[in-house]
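Take a look at the structure set out below.
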Amino acid sequence: MQENNANLLSIAQENPSVTEISEEFSLPDYVPEIRRVLTVLAQVLPESKYLQEGQNGPTLDLGGSVTYSLIYTDDEGKLNAIPLNSNYETKIQLQVSPQYTLVDTTVDNVSYRVSAPRRLTIKSRVKNKVTASVQNQVREDITPRSSADELYLEKKEKVVQSVDMTTGTLSNVRISDKLTTDKEKSIKPIWCDARLVIKDARVQNGFVSARGEAIVKCLALENEEINVIEKTMPIAEEIEIQGAKENGIARVGGRCVSLSISNEELNDTTQLFFDLVCDLEAEVYSNSDKVLTEDIYSTTNEMEVTYKQVPVYNVVRAGGTSFTFNESSKRKSKEMNEIIDVLVDPVCEKTEIKGDKMIASGRLNVNIIGTKENETEREYLCETYDLPLKYELDMKRQVEYGVARCLFSTLDANARFDKDSVSVTCEIYPSFTVFERTNERILDTGLIKKDAEIKKDGSTIRVYFPTEGDTLWEIAKKYNTTVSKIAQDNSIDPSTKTLAKNLIV
C-alpha cells in the first residue's frame, strides 16, 4: 500500500549571478557638451523572468534595464543631467526545478570614462540573487511482500510546521501630482528621481493591504538658482492573492517603473507636474501543520524499514521596519562649502543568522552635490562616499540554521560638514524574510514480510526494566506489541514520558 504523506516547501538560495555591463553613449545634439562629470547614478529595473528546462537542468533567464543619471557641468559651468539606458540579460543555472523564483536584483560598481565632449562609456555590475522554492511531495511506501494487505501495523506520526507561500503583483500604480515652491519663480527641471518604501503589509480577506510612501525629488533651476523640490505622498494599495491565509505573514516590495516631469502643463512655468508609475510585488507566508510518518512496525510479521532525512522550512519573520542611519567619514576634499543635495543608495550585500539575530550588512553609497564659491563663478562639485551599513533583527528565539533575504531602501538623506569629517543621516527601511530549516527523520519504505510471522508464547510473562531515555514506542516496537497494550497492562497513561517502574510487556 502506498500513501501520500505531506507536501513540504523547500527553500534554496542560488549564489548571486553577476553581469558586467559596458556601453558607449553619444549625447544628443540638443544637450550641452560635457565639461566635467559630477557623478553617474544607477537604478536597475528587472523586466522579464523566464524558467526553462534544459539538458543540464532548469535555467532562469533574466532581463531588464539599468537607467543611468548622468549629472555634469557644461562649458559655461552650468549644471545639467540626462538619463541614459542600458539593457542586460543573464542566465542562471538552478539546482532544482522551482515552484516559485524570487529574484533580488541590485546594481553597483558604476564607473565612467569620457572620451569626447559628447561621448562616454559607462560600466556597471548587475547582481541577481535567486531564492527558489520547491514543493516536495513526501511519500511513505509501505509494501506487503504478498498481495494481501497487512492490517497489524503500528505507525508513529509527528507534526511539523512547514511554510506555504503565495505571491501576487500589482502593476502600473500611477501617481500624478505637482511640485510647487513658495516663490513665484520660473522653474526648469534638471534632474528628478523617485523612491518608494512600503512600511506595512497585512493580509485581509484574500488581499494584501500595503501602506507606505513615495517621494518625488527634483533638482531644479529657479531663476538661475539651483534648488531641490520634493514631495512625499502616501501609498495605500490592495494586492489580490488567491489562497492567501488570514494568519499569513506578508512582505511587499515596490519599485518605480517610470517618472516623467515637466512644467509645460497649462503653460505654468512656476510649477512642475509629474507622472509616476510603480509596481508592487507581494509575498504571503503561512506556517501550517504537516503530518509525517516517523516510524512503523508490525506486531505480527517481520519488517524491513528504511528512513530518510527531509528538510522542513518554516517562516520565522517577514515584513519591514526602519532604523536611523548616522555615520561619519573623513572628508575627501574641503573644496565644497555649500551642500545642494544628498543622494544615497543602500545596498545589502550579505545576510547571516547568528543565534536569535538576523544580521544584514552592506554599504550606503552617498553622493553629495554642492558648490564651491570662486571669485569669478560658482563651481559645482560632487563628493562620493561608501559607508558601512549594518542591521540586526531580533528574531525572539534561537535559529540553528536558516535562510534570510533582505533588501534596503530609503526615502531621503541629510549631510553636514564638521571640520575634517562629513556626517550622513537617513532612515533605512529593511524588507526581510527569514526561514528556519530543520532536518526531520521520517519513514521512507516499510517492507512487510508476509512469510515471516513473529512467533509469540502467550504463556510467558516478560518484565522490562526501563533505562533513562526509553519510550513506550521503542519498547513496544522491540517486543512486537503495542503502546496501548503496555499502557493497559501497566495502568499508565499511553502518553507518559517518565517510565519510573518496571513494565510488563
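Ordering of the C-alpha cells sets the chain letters (A, B, ...); residue numbers start at 1 within each chain; ligands are numbered from 1 in the order shown.
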Among range 75-322 of chain A, which ones does DSSP place in strand (DSSP E), written as a VMD selection string? chain A and resid 79 to 93 100 to 116 119 to 144 153 to 180 187 to 204 207 to 222 225 to 240 249 to 262 271 to 298 301 to 320
Using only C-alpha atoms, which residues sit within 8 Å of Ile226 in chain A once same-chain residues fewer than 6 positions away are excluded, as a VMD selection string? chain A and resid 219 to 220 340
Quick one: everything within 8 Å of range 60-66 of chain A, counting only C-alpha atoms, minus sequence neighbours fewer than 2 positions away in the same chain. Send it as a PyMOL selection string. chain A and resi 42-52+58+68+85-94+107
I need the chosen residues saved as a CSV table (one decimal), in the first residue's frame, with C-alpha atoms.
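So out_11.csv came out as:
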```csv
chain,number,residue,atom,x,y,z
A,42,ALA,CA,22.2,54.0,-11.5
A,43,GLN,CA,18.9,52.2,-10.9
A,44,VAL,CA,18.0,48.8,-12.1
A,45,LEU,CA,14.6,47.7,-13.4
A,46,PRO,CA,14.0,44.0,-13.8
A,47,GLU,CA,11.6,43.4,-16.6
A,48,SER,CA,11.5,39.7,-17.6
A,49,LYS,CA,11.9,36.3,-15.9
A,50,TYR,CA,11.6,33.0,-17.8
A,51,LEU,CA,12.2,29.5,-16.5
A,52,GLN,CA,13.0,26.7,-19.0
A,58,PRO,CA,16.4,24.2,-15.2
A,68,TYR,CA,21.9,56.0,-15.5
A,85,ASN,CA,19.7,53.4,-20.5
A,86,SER,CA,21.4,50.0,-20.9
A,87,ASN,CA,19.8,46.6,-21.3
A,88,TYR,CA,21.1,43.5,-19.6
A,89,GLU,CA,20.4,39.7,-19.9
A,90,THR,CA,21.7,36.8,-17.9
A,91,LYS,CA,21.1,33.1,-17.4
A,92,ILE,CA,21.2,31.3,-14.0
A,93,GLN,CA,21.6,27.6,-13.8
A,94,LEU,CA,19.4,26.3,-11.0
A,107,VAL,CA,23.3,47.3,-9.4
```
Between CA of Ala360 in chain A and CA of Val434 in chain A, what is the distance in Å, rounded to a tenth?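 According to the coordinates, CA of Ala360 in chain A and CA of Val434 in chain A are separated by 11.3 Å.
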I'd like the interatomic distance between CA of Asp164 in chain A and CA of Asn15 in chain A, to a tenth of an Å.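 Pair CA of Asp164 in chain A / CA of Asn15 in chain A returns 23.4 Å.
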Please list as a PyMOL selection string every residue within 7 Å of Thr384 in chain A, counting only C-alpha atoms and excluding residues in the same chain fewer than 6 positions away. chain A and resi 366-368
How would the residues just chosen look if you wrote them out with N, CA and C atoms as a PDB file, in the first residue's frame?
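Output (selection.pdb):
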```pdb
ATOM      1  N   VAL A 366      26.897  57.171  -1.143  1.00  0.00           N
ATOM      2  CA  VAL A 366      26.496  58.557  -0.891  1.00  0.00           C
ATOM      3  C   VAL A 366      27.107  59.473  -1.948  1.00  0.00           C
ATOM      4  N   ASN A 367      26.264  60.303  -2.553  1.00  0.00           N
ATOM      5  CA  ASN A 367      26.714  61.352  -3.462  1.00  0.00           C
ATOM      6  C   ASN A 367      26.253  62.698  -2.895  1.00  0.00           C
ATOM      7  N   ILE A 368      27.202  63.549  -2.572  1.00  0.00           N
ATOM      8  CA  ILE A 368      26.872  64.882  -2.064  1.00  0.00           C
ATOM      9  C   ILE A 368      27.172  65.897  -3.159  1.00  0.00           C
TER      10      ILE A 368
END
```
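Remark: for Thr143 in chain A, the closest of the candidate residues A:Ser298, A:Thr498, A:Thr101, A:Thr460 is A:Ser298 (distances computed over only C-alpha atoms).
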Set the distance at 9 Å and use only C-alpha atoms: which residues neighbour range 118-124 of chain A once local chain neighbours fewer than 6 positions away are removed? I'd like the list as number ranges by chain. A: 19-29, 32-34, 40, 42, 66, 68, 107-112
Resulting file, chosen residues, C-alpha atoms, as a short mmCIF file (atom, residue, chain, number, x, y, z; two decimals), in the first residue's frame:
```cif
data_model
loop_
_atom_site.label_atom_id
_atom_site.label_comp_id
_atom_site.auth_asym_id
_atom_site.auth_seq_id
_atom_site.Cartn_x
_atom_site.Cartn_y
_atom_site.Cartn_z
CA THR A 19 26.51 40.51 -15.14
CA GLU A 20 29.02 43.13 -16.26
CA ILE A 21 27.53 45.92 -18.41
CA SER A 22 29.57 48.26 -20.58
CA GLU A 23 28.09 50.61 -23.15
CA GLU A 24 29.27 53.66 -25.06
CA PHE A 25 26.83 56.57 -25.24
CA SER A 26 26.71 59.58 -27.54
CA LEU A 27 24.84 62.57 -26.16
CA PRO A 28 22.21 64.12 -28.44
CA ASP A 29 22.91 67.49 -30.05
CA PRO A 32 25.20 70.81 -23.80
CA GLU A 33 28.60 69.19 -24.12
CA ILE A 34 30.34 67.65 -21.11
CA VAL A 40 26.65 58.85 -12.52
CA ALA A 42 22.24 53.97 -11.48
CA VAL A 66 19.76 49.92 -15.96
CA TYR A 68 21.87 55.96 -15.51
CA VAL A 107 23.34 47.33 -9.42
CA ASP A 108 26.72 48.63 -8.22
CA ASN A 109 30.33 49.35 -9.26
CA VAL A 110 29.33 52.20 -11.56
CA SER A 111 32.26 53.79 -13.40
CA TYR A 112 32.61 56.07 -16.42
#
```
From the list A:Asn205, A:Thr270, A:Thr232, A:Thr445, which residue is nearest Lys308 in chain A when using only C-alpha atoms? A:Thr445
What is the distance, in Å and to one decimal place, between CA of Ile486 in chain A and CA of Asn301 in chain A?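 Atom-to-atom, CA of Ile486 in chain A and CA of Asn301 in chain A are spaced 18.9 Å apart.
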Point out the residue among A:Leu280, A:Ala6, A:Ala244, A:Leu472 with the least atom-to-atom distance to Asp493 in chain A, counting only C-alpha atoms. A:Leu472
